[in-house]
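Undergrad: This is protein_3.cif, which holds mmCIF, C-alpha atoms and all ligand atoms:
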data_input
#
loop_
_atom_site.label_atom_id
_atom_site.label_comp_id
_atom_site.auth_asym_id
_atom_site.auth_seq_id
_atom_site.Cartn_x
_atom_site.Cartn_y
_atom_site.Cartn_z
CA MET A 1 43.69 56.32 66.38
CA ARG A 2 41.57 54.15 68.67
CA THR A 3 39.48 51.44 67.12
CA PRO A 4 35.89 51.75 68.34
CA THR A 5 34.92 48.92 70.69
CA SER A 6 32.09 47.94 68.34
CA VAL A 7 34.65 47.28 65.60
CA MET A 8 36.81 45.22 67.97
CA ALA A 9 33.75 43.19 68.94
CA TRP A 10 33.10 42.33 65.29
CA GLN A 11 36.70 41.34 64.77
CA ASN A 12 36.33 38.64 67.41
CA GLN A 13 33.38 37.01 65.72
CA PRO A 14 33.98 34.05 63.41
CA TYR A 15 33.64 34.71 59.71
CA LEU A 16 30.58 33.78 57.75
CA THR A 17 30.70 30.09 56.92
CA LYS A 18 30.41 28.69 53.42
CA TRP A 19 26.80 27.78 54.16
CA GLU A 20 25.97 31.25 55.54
CA LEU A 21 27.54 32.99 52.54
CA GLN A 22 25.54 30.80 50.18
CA GLU A 23 22.35 31.59 52.15
CA LEU A 24 23.14 35.33 51.99
CA TYR A 25 23.73 35.03 48.25
CA ASP A 26 20.43 33.16 47.74
CA ARG A 27 18.56 35.86 49.68
CA CYS A 28 20.26 38.58 47.64
CA VAL A 29 19.31 36.93 44.35
CA ASP A 30 15.73 36.33 45.55
CA LEU A 31 15.33 39.99 46.54
CA ALA A 32 16.86 41.20 43.25
CA GLU A 33 14.45 39.06 41.24
CA GLU A 34 11.44 40.15 43.31
CA THR A 35 12.36 43.85 43.20
CA ASP A 36 13.24 44.19 39.53
CA ASN A 37 14.19 41.25 37.33
CA ARG A 38 15.59 43.41 34.52
CA TYR A 39 19.22 44.02 33.59
CA ALA A 40 20.83 47.10 32.09
CA PRO A 41 24.15 47.67 30.33
CA LEU A 42 26.75 48.95 32.78
CA VAL A 43 28.84 51.12 30.49
CA GLN A 44 30.96 52.64 33.23
CA MET A 45 31.62 52.03 36.92
CA TRP A 46 32.31 54.99 39.19
CA ARG A 47 34.22 56.00 42.27
CA ASP A 48 33.04 59.07 44.19
CA LYS A 49 35.42 60.95 46.45
CA PRO A 50 35.96 64.56 47.64
CA HIS A 51 38.02 66.71 45.24
CA HIS A 52 41.03 66.75 47.63
CA TYR A 53 41.31 62.93 47.32
CA TRP A 54 41.71 63.27 43.53
CA ASN A 55 44.04 66.28 43.82
CA ASP A 56 46.32 64.22 46.08
CA ILE A 57 46.42 61.33 43.59
CA ILE A 58 47.13 63.67 40.69
CA GLN A 59 49.67 65.93 42.45
CA ASN A 60 51.42 63.55 44.89
CA LYS A 61 50.87 59.97 43.71
CA ASN A 62 51.63 60.22 40.01
CA GLY A 63 48.03 59.27 39.24
CA MET A 64 48.20 55.97 41.08
CA MET A 65 45.22 54.77 43.10
CA PHE A 66 46.49 52.18 45.53
CA PRO A 67 44.18 49.55 47.01
CA TYR A 68 43.40 50.18 50.69
CA MET A 69 42.13 47.88 53.41
CA LYS A 70 38.41 47.06 53.20
CA ASP A 71 36.49 48.80 56.03
CA PHE A 72 33.77 47.32 58.27
CA ASN A 73 30.86 48.35 56.11
CA GLY A 74 28.18 45.69 55.67
CA ASP A 75 28.02 42.35 57.45
CA GLN A 76 30.25 42.44 60.52
CA ARG A 77 31.24 38.80 59.95
CA SER A 78 32.30 39.18 56.34
CA ALA A 79 35.86 37.86 55.99
CA ILE A 80 36.85 40.66 53.60
CA ASN A 81 36.46 43.35 56.34
CA GLY A 82 39.91 44.48 57.46
CA ASN A 83 41.59 41.64 55.56
CA ILE A 84 41.71 42.44 51.87
CA LYS A 85 42.81 45.53 49.95
CA GLY A 86 40.98 47.03 47.02
CA LEU A 87 39.14 50.01 45.55
CA PHE A 88 35.37 50.34 45.63
CA PHE A 89 33.50 51.22 42.47
CA GLY A 90 29.77 51.77 42.14
CA GLY A 91 27.85 49.57 39.74
CA GLY A 92 24.27 50.03 40.98
CA LEU A 93 22.19 51.94 38.46
CA ASP A 94 19.18 54.10 39.22
CA ARG A 95 16.31 51.77 38.23
CA ARG A 96 14.20 54.35 36.43
CA ARG A 97 16.93 56.15 34.47
CA LYS A 98 19.24 53.12 34.15
CA ARG A 99 22.12 55.48 34.88
CA PRO A 100 24.48 56.05 37.81
CA PRO A 101 22.87 58.00 40.69
CA TYR A 102 23.17 61.76 40.00
CA PHE A 103 24.26 62.44 43.60
CA SER A 104 26.77 60.89 45.96
CA TYR A 105 27.19 60.38 49.69
CA PHE A 106 30.95 60.01 49.22
CA GLY A 107 32.17 63.22 47.62
CA ASP A 108 31.82 65.82 44.88
CA LYS A 109 34.03 64.29 42.17
CA ARG A 110 33.34 61.06 40.31
CA LEU A 111 35.84 58.98 38.39
CA LEU A 112 34.05 57.12 35.62
CA VAL A 113 35.88 54.11 34.17
CA ASN A 114 34.65 51.86 31.35
CA ALA A 115 33.25 48.75 33.03
CA CYS A 116 35.11 46.36 30.72
CA VAL A 117 38.46 47.76 31.94
CA LEU A 118 37.65 46.67 35.49
CA PHE A 119 35.66 43.52 34.74
CA ASN A 120 36.42 41.31 31.77
CA GLU A 121 36.96 37.65 30.88
CA SER A 122 40.43 37.64 32.43
CA LYS A 123 39.01 38.23 35.96
CA ASN A 124 37.39 36.15 38.66
CA ILE A 125 34.29 37.44 40.42
CA TYR A 126 32.98 36.51 43.87
CA PHE A 127 29.89 37.40 45.88
CA ALA A 128 31.01 38.70 49.30
CA ASP A 129 28.15 40.49 51.07
CA PHE A 130 24.50 41.61 51.03
CA TYR A 131 23.25 44.43 53.27
CA CYS A 132 21.12 47.58 53.32
CA HIS A 133 21.72 51.31 53.89
CA TYR A 134 19.10 54.01 53.60
CA GLN A 135 16.35 52.52 51.43
CA TYR A 136 18.55 50.34 49.21
CA HIS A 137 19.92 46.82 49.36
CA TYR A 138 23.49 46.33 48.18
CA ALA A 139 25.43 43.34 46.95
CA THR A 140 29.22 43.47 47.29
CA VAL A 141 31.22 41.58 44.69
CA VAL A 142 35.00 41.20 44.62
CA ILE A 143 36.90 41.13 41.33
CA THR A 144 40.34 39.52 41.33
CA ASN A 145 43.11 38.46 39.03
CA PRO A 146 43.07 34.64 39.05
CA GLY A 147 45.82 33.21 41.24
CA SER A 148 46.54 36.54 43.01
CA THR A 149 46.79 36.80 46.80
CA GLN A 150 43.33 38.37 46.89
CA ASP A 151 41.94 35.61 44.67
CA ARG A 152 43.31 32.90 46.94
CA PHE A 153 41.89 34.78 49.94
CA CYS A 154 38.39 34.75 48.39
CA GLN A 155 38.63 31.01 47.74
CA ARG A 156 39.98 30.22 51.19
CA HIS A 157 37.14 32.14 52.86
CA HIS A 158 34.42 30.49 50.74
CA LEU A 159 33.21 33.62 48.95
CA VAL A 160 30.63 32.53 46.39
CA LYS A 161 32.45 32.21 43.06
CA LEU A 162 30.31 33.46 40.19
CA ASP A 163 30.47 32.64 36.50
CA PRO A 164 31.60 35.94 34.86
CA PHE A 165 29.37 35.20 31.86
CA ASN A 166 26.35 33.80 33.67
CA ASN A 167 25.26 35.04 37.09
CA PRO A 168 22.25 37.05 38.32
CA LEU A 169 24.18 40.13 39.56
CA LEU A 170 26.94 41.35 37.24
CA PHE A 171 27.94 39.55 34.08
CA ILE A 172 29.70 39.86 30.74
CA ASP A 173 27.68 39.35 27.55
CA ASP A 174 29.50 36.63 25.64
CA ASN A 175 28.55 38.15 22.26
CA ASP A 176 30.07 41.60 22.55
CA TYR A 177 31.80 41.45 25.97
CA SER A 178 29.75 44.33 27.35
CA VAL A 179 28.90 44.29 31.06
CA TYR A 180 25.34 44.01 32.40
CA VAL A 181 24.07 44.62 35.92
CA THR A 182 20.87 43.70 37.74
CA LEU A 183 18.40 46.51 38.49
CA GLY A 184 17.05 44.58 41.50
CA VAL A 185 19.82 45.38 44.02
CA ARG A 186 22.68 47.89 43.88
CA VAL A 187 25.91 46.12 43.07
CA GLU A 188 29.12 47.58 44.44
CA VAL A 189 32.36 46.30 43.07
CA PHE A 190 35.57 45.85 45.06
CA ILE A 191 38.47 45.90 42.58
CA THR A 192 41.57 44.28 44.08
CA GLN A 193 44.27 45.97 42.03
CA LYS A 194 45.86 49.37 41.69
CA LEU A 195 44.71 51.69 38.96
CA ASN A 196 46.51 54.64 37.40
CA ILE A 197 44.12 57.43 36.55
CA PHE A 198 46.57 59.00 34.09
CA SER A 199 46.52 55.73 32.11
CA VAL A 200 42.73 55.77 32.32
CA PHE A 201 42.64 59.31 30.89
CA ASN A 202 45.36 58.68 28.26
CA ASN A 203 43.69 55.48 27.02
CA GLY A 204 40.37 57.29 26.76
CA VAL A 205 38.62 54.79 29.04
CA GLY A 206 37.48 57.17 31.76
CA ARG A 207 37.18 60.71 33.07
CA LEU A 208 36.65 62.76 36.19
CA VAL A 209 33.33 64.62 36.47
CA ARG A 210 31.52 66.66 39.08
CA VAL A 211 28.75 65.00 41.08
CA GLN A 212 26.26 66.51 43.49
CA PRO A 213 27.37 65.65 47.03
CA ARG A 214 24.76 64.70 49.59
CA GLY A 215 24.97 64.20 53.36
CA ARG A 216 28.47 64.27 54.80
CA GLY A 217 30.03 64.04 51.35
CA ARG A 218 32.60 61.53 52.59
CA SER A 219 32.57 57.94 53.75
CA HIS A 220 32.51 56.90 57.41
CA LYS A 221 35.87 56.04 58.90
CA ASN A 222 35.07 52.42 59.73
CA GLY A 223 32.07 51.97 57.47
CA ILE A 224 28.48 51.53 58.56
CA PRO A 225 27.50 48.17 60.04
CA LYS A 226 24.64 46.21 58.54
CA LYS A 227 21.21 47.18 59.89
CA ALA A 228 20.45 44.38 62.35
CA ILE A 229 16.76 45.25 62.19
CA CYS A 230 16.35 44.11 58.56
CA ASN A 231 15.21 40.51 58.30
CA ILE A 232 15.87 40.33 54.55
CA CYS A 233 19.66 40.60 54.67
CA ASN A 234 20.31 39.28 58.20
CA LEU A 235 20.57 35.51 58.61
ZN ZN B 301 18.44 44.59 54.62
#
Kindly transcribe the structure held in the file into structure tokens.
Ligand SMILES: [Zn+2]

TA:
Amino acid sequence: MRTPTSVMAWQNQPYLTKWELQELYDRCVDLAEETDNRYAPLVQMWRDKPHHYWNDIIQNKNGMMFPYMKDFNGDQRSAINGNIKGLFFGGGLDRRRKRPPYFSYFGDKRLLVNACVLFNESKNIYFADFYCHYQYHYATVVITNPGSTQDRFCQRHHLVKLDPFNNPLLFIDDNDYSVYVTLGVRVEVFITQKLNIFSVFNNGVGRLVRVQPRGRGRSHKNGIPKKAICNICNL
């Protein structure tokens, strides 16, 4: 499999600096507040994939979802691209319905997992990227186990460390430990650990449902680069 030259070109660029990441974060927070300054409970996060992806996990992998290498979606100079393994979950609610989008660009089956299983007080959370696709702006956050390889990677590359209980994107309510998300940008969550879907089902903390596929119904091989034309999310 040849790597497209555009991907190789990105790989040669230096990573976003601490200052640039902070600037990207500030722009993301500004846009979120301008667009919609409300928050909504995020009861579940979701992962959309074609049915054959789930069949393979169930039939051949004993239910285990293994982290895979982050693609080149988003900012081409983000240090997490091609360097850190995880699993993407959606956390960006439809602003009007305050629910997950009813359709998906990534497949026809959706795994729903209770948000507090993936994000709770035992985790660290970092802001990694801000970009746009279609008509939406997205914030990428990385969730790690403190002290893990992935956690040390985030610190070494100056990702913006957020307070899990007090940040403008995705936070835990310190009264009842429920998770809240901004309605101003769509937050996508990169979980840096494996997850067994049989455990999820057996513990009653998630389920697999059908979702209406749209477009290609699968993700792009190397991800989609950030739209250079947008002056909101480009430095
Ligand atoms: Zn943009």

Undergrad: Between A:Leu16, A:Val142, A:Leu24, A:Ile125, which has the minimum distance to ligand ZN 301 (chain B) (counting all atoms listed in the file)?

TA: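 Among the listed residues, the smallest separation from ligand ZN 301 (chain B) belongs to A:Leu24.
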
Undergrad: Name the residues in contact with Leu170 of chain A at a cut-off of 7 Å, using only C-alpha atoms, excluding same-chain residues fewer than 4 positions from it; report them as a list in words.

TA: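 In the requested format, the answer is Tyr180, Val181 and Thr182 of chain A.
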
Undergrad: All residues within 6 Å of ligand ZN 301 (chain B) are required, counting all atoms listed in the file; please report them as a list of chain:residue names.

TA: A:Tyr131, A:Cys132, A:His137, A:Cys230, A:Ile232, A:Cys233

Undergrad: Could you give me the centre and size, in Å to one decimal, of an axis-aligned box around all listed atoms of segment 113-132 of chain A with 5 Å added on every side, as JSON?

TA:
{"center_x": 30.8, "center_y": 45.1, "center_z": 42.0, "size_x": 29.3, "size_y": 28.0, "size_z": 32.6}

Undergrad: What is the atom CA of Ala115 of chain A-atom CA of Pro50 of chain A distance in Å, reported with one decimal?

TA: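 These atoms are spaced 21.7 Å apart.
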
Undergrad: Mind pulling up the distance from atom CA of Glu34 of chain A to atom CA of His158 of chain A?

TA: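 These atoms are spaced 26.0 Å apart.
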
Undergrad: Give me, as number ranges by chain, all polymer residues having an atom no more than 10 Å from Asp26 of chain A, counting all atoms listed in the file and skipping those fewer than 6 positions away in the same chain.

TA: A: 20, 32, 130

Undergrad: Mind dumping the selected residues with C-alpha atoms as an mmCIF file, in the coordinates of the input?

TA:
data_model
loop_
_atom_site.group_PDB
_atom_site.id
_atom_site.type_symbol
_atom_site.label_atom_id
_atom_site.label_comp_id
_atom_site.auth_asym_id
_atom_site.auth_seq_id
_atom_site.Cartn_x
_atom_site.Cartn_y
_atom_site.Cartn_z
ATOM 1 C CA GLU A 20 25.970 31.250 55.540
ATOM 2 C CA ALA A 32 16.860 41.200 43.250
ATOM 3 C CA PHE A 130 24.500 41.610 51.030
#

Undergrad: Between A:Ile58, A:Val211, A:Leu195, A:Val185, which is the closest to Tyr105 of chain A once you count all atoms listed in the file?

TA: A:Val211

Undergrad: Leaving out Gly204 of chain A and any residue of its chain fewer than 4 positions from it, which residues lie within 10 Å of it when counting only C-alpha atoms, given as a tab-separated table (two decimals) with C-alpha atoms, in the coordinates of the input?

TA:
chain	number	residue	atom	x	y	z
A	113	VAL	CA	35.88	54.11	34.17
A	114	ASN	CA	34.65	51.86	31.35
A	198	PHE	CA	46.57	59.00	34.09
A	199	SER	CA	46.52	55.73	32.11
A	200	VAL	CA	42.73	55.77	32.32

Undergrad: Hey, what's within 10 Å of Phe88 of chain A if we count all atoms listed in the file and toss same-chain stuff fewer than 6 positions away? As a ChimeraX atom specification, please?

TA: /A:45-48,67-68,70,140-142,188-192

Undergrad: Near Gln150 of chain A, within 12 Å and counting all atoms listed in the file, which residues show up once chain neighbours fewer than 4 positions away are dropped, as a short mmCIF file (atom, residue, chain, number, x, y, z; two decimals) with C-alpha atoms, in the frame of the given file?

TA:
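Below is the file that was written, result.cif:
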data_model
loop_
_atom_site.label_atom_id
_atom_site.label_comp_id
_atom_site.auth_asym_id
_atom_site.auth_seq_id
_atom_site.Cartn_x
_atom_site.Cartn_y
_atom_site.Cartn_z
CA PRO A 67 44.18 49.55 47.01
CA MET A 69 42.13 47.88 53.41
CA LYS A 70 38.41 47.06 53.20
CA ALA A 79 35.86 37.86 55.99
CA ILE A 80 36.85 40.66 53.60
CA ASN A 83 41.59 41.64 55.56
CA ILE A 84 41.71 42.44 51.87
CA LYS A 85 42.81 45.53 49.95
CA GLY A 86 40.98 47.03 47.02
CA LYS A 123 39.01 38.23 35.96
CA ASN A 124 37.39 36.15 38.66
CA ILE A 125 34.29 37.44 40.42
CA TYR A 126 32.98 36.51 43.87
CA VAL A 142 35.00 41.20 44.62
CA ILE A 143 36.90 41.13 41.33
CA THR A 144 40.34 39.52 41.33
CA ASN A 145 43.11 38.46 39.03
CA PRO A 146 43.07 34.64 39.05
CA CYS A 154 38.39 34.75 48.39
CA GLN A 155 38.63 31.01 47.74
CA ARG A 156 39.98 30.22 51.19
CA HIS A 157 37.14 32.14 52.86
CA LEU A 159 33.21 33.62 48.95
CA PHE A 190 35.57 45.85 45.06
CA ILE A 191 38.47 45.90 42.58
CA THR A 192 41.57 44.28 44.08
CA GLN A 193 44.27 45.97 42.03
#

Undergrad: What does the structure give for the distance between atom CA of Val205 of chain A and atom CA of Ala128 of chain A, in Å to one decimal?

TA: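 Between these atoms lies a distance of 27.0 Å.
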
Undergrad: Between A:Val29, A:Leu93, A:Ile172, A:Ala40, which has the minimum distance to Arg186 of chain A (counting only C-alpha atoms)?

TA: A:Leu93

Undergrad: Which residue, A:Tyr15, A:Phe201, A:Phe106, A:Phe171, has the smallest gap to Val187 of chain A when you use all atoms listed in the file?

TA: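 The shortest atom-to-atom distance to Val187 of chain A comes from A:Phe171.
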
Undergrad: Measuring atom to atom with only C-alpha atoms, identify which of A:Met65, A:His52, A:Gln76, A:Arg207 is nearest to Gly107 of chain A.

TA: A:His52

Undergrad: For Glu121 of chain A, which residue among A:Tyr136, A:Tyr102, A:Phe165, A:Trp19 is the nearest when counting all atoms listed in the file?

TA: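 Answer, going by the shortest atom-to-atom distance: A:Phe165.
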
Undergrad: Residues within 8 Å of (14.3, 39.0, 52.0), file coordinates, counting all atoms listed in the file: what are they? Give the list as a PyMOL selection string.

TA: chain A and resi 27-28+30-31+231-233

Undergrad: Taking C-alpha atoms for each residue, export the selection above as a CSV table (one decimal), in the coordinates of the input.

TA:
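Written output follows (selection13.csv):
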chain,number,residue,atom,x,y,z
A,27,ARG,CA,18.6,35.9,49.7
A,28,CYS,CA,20.3,38.6,47.6
A,30,ASP,CA,15.7,36.3,45.6
A,31,LEU,CA,15.3,40.0,46.5
A,231,ASN,CA,15.2,40.5,58.3
A,232,ILE,CA,15.9,40.3,54.6
A,233,CYS,CA,19.7,40.6,54.7
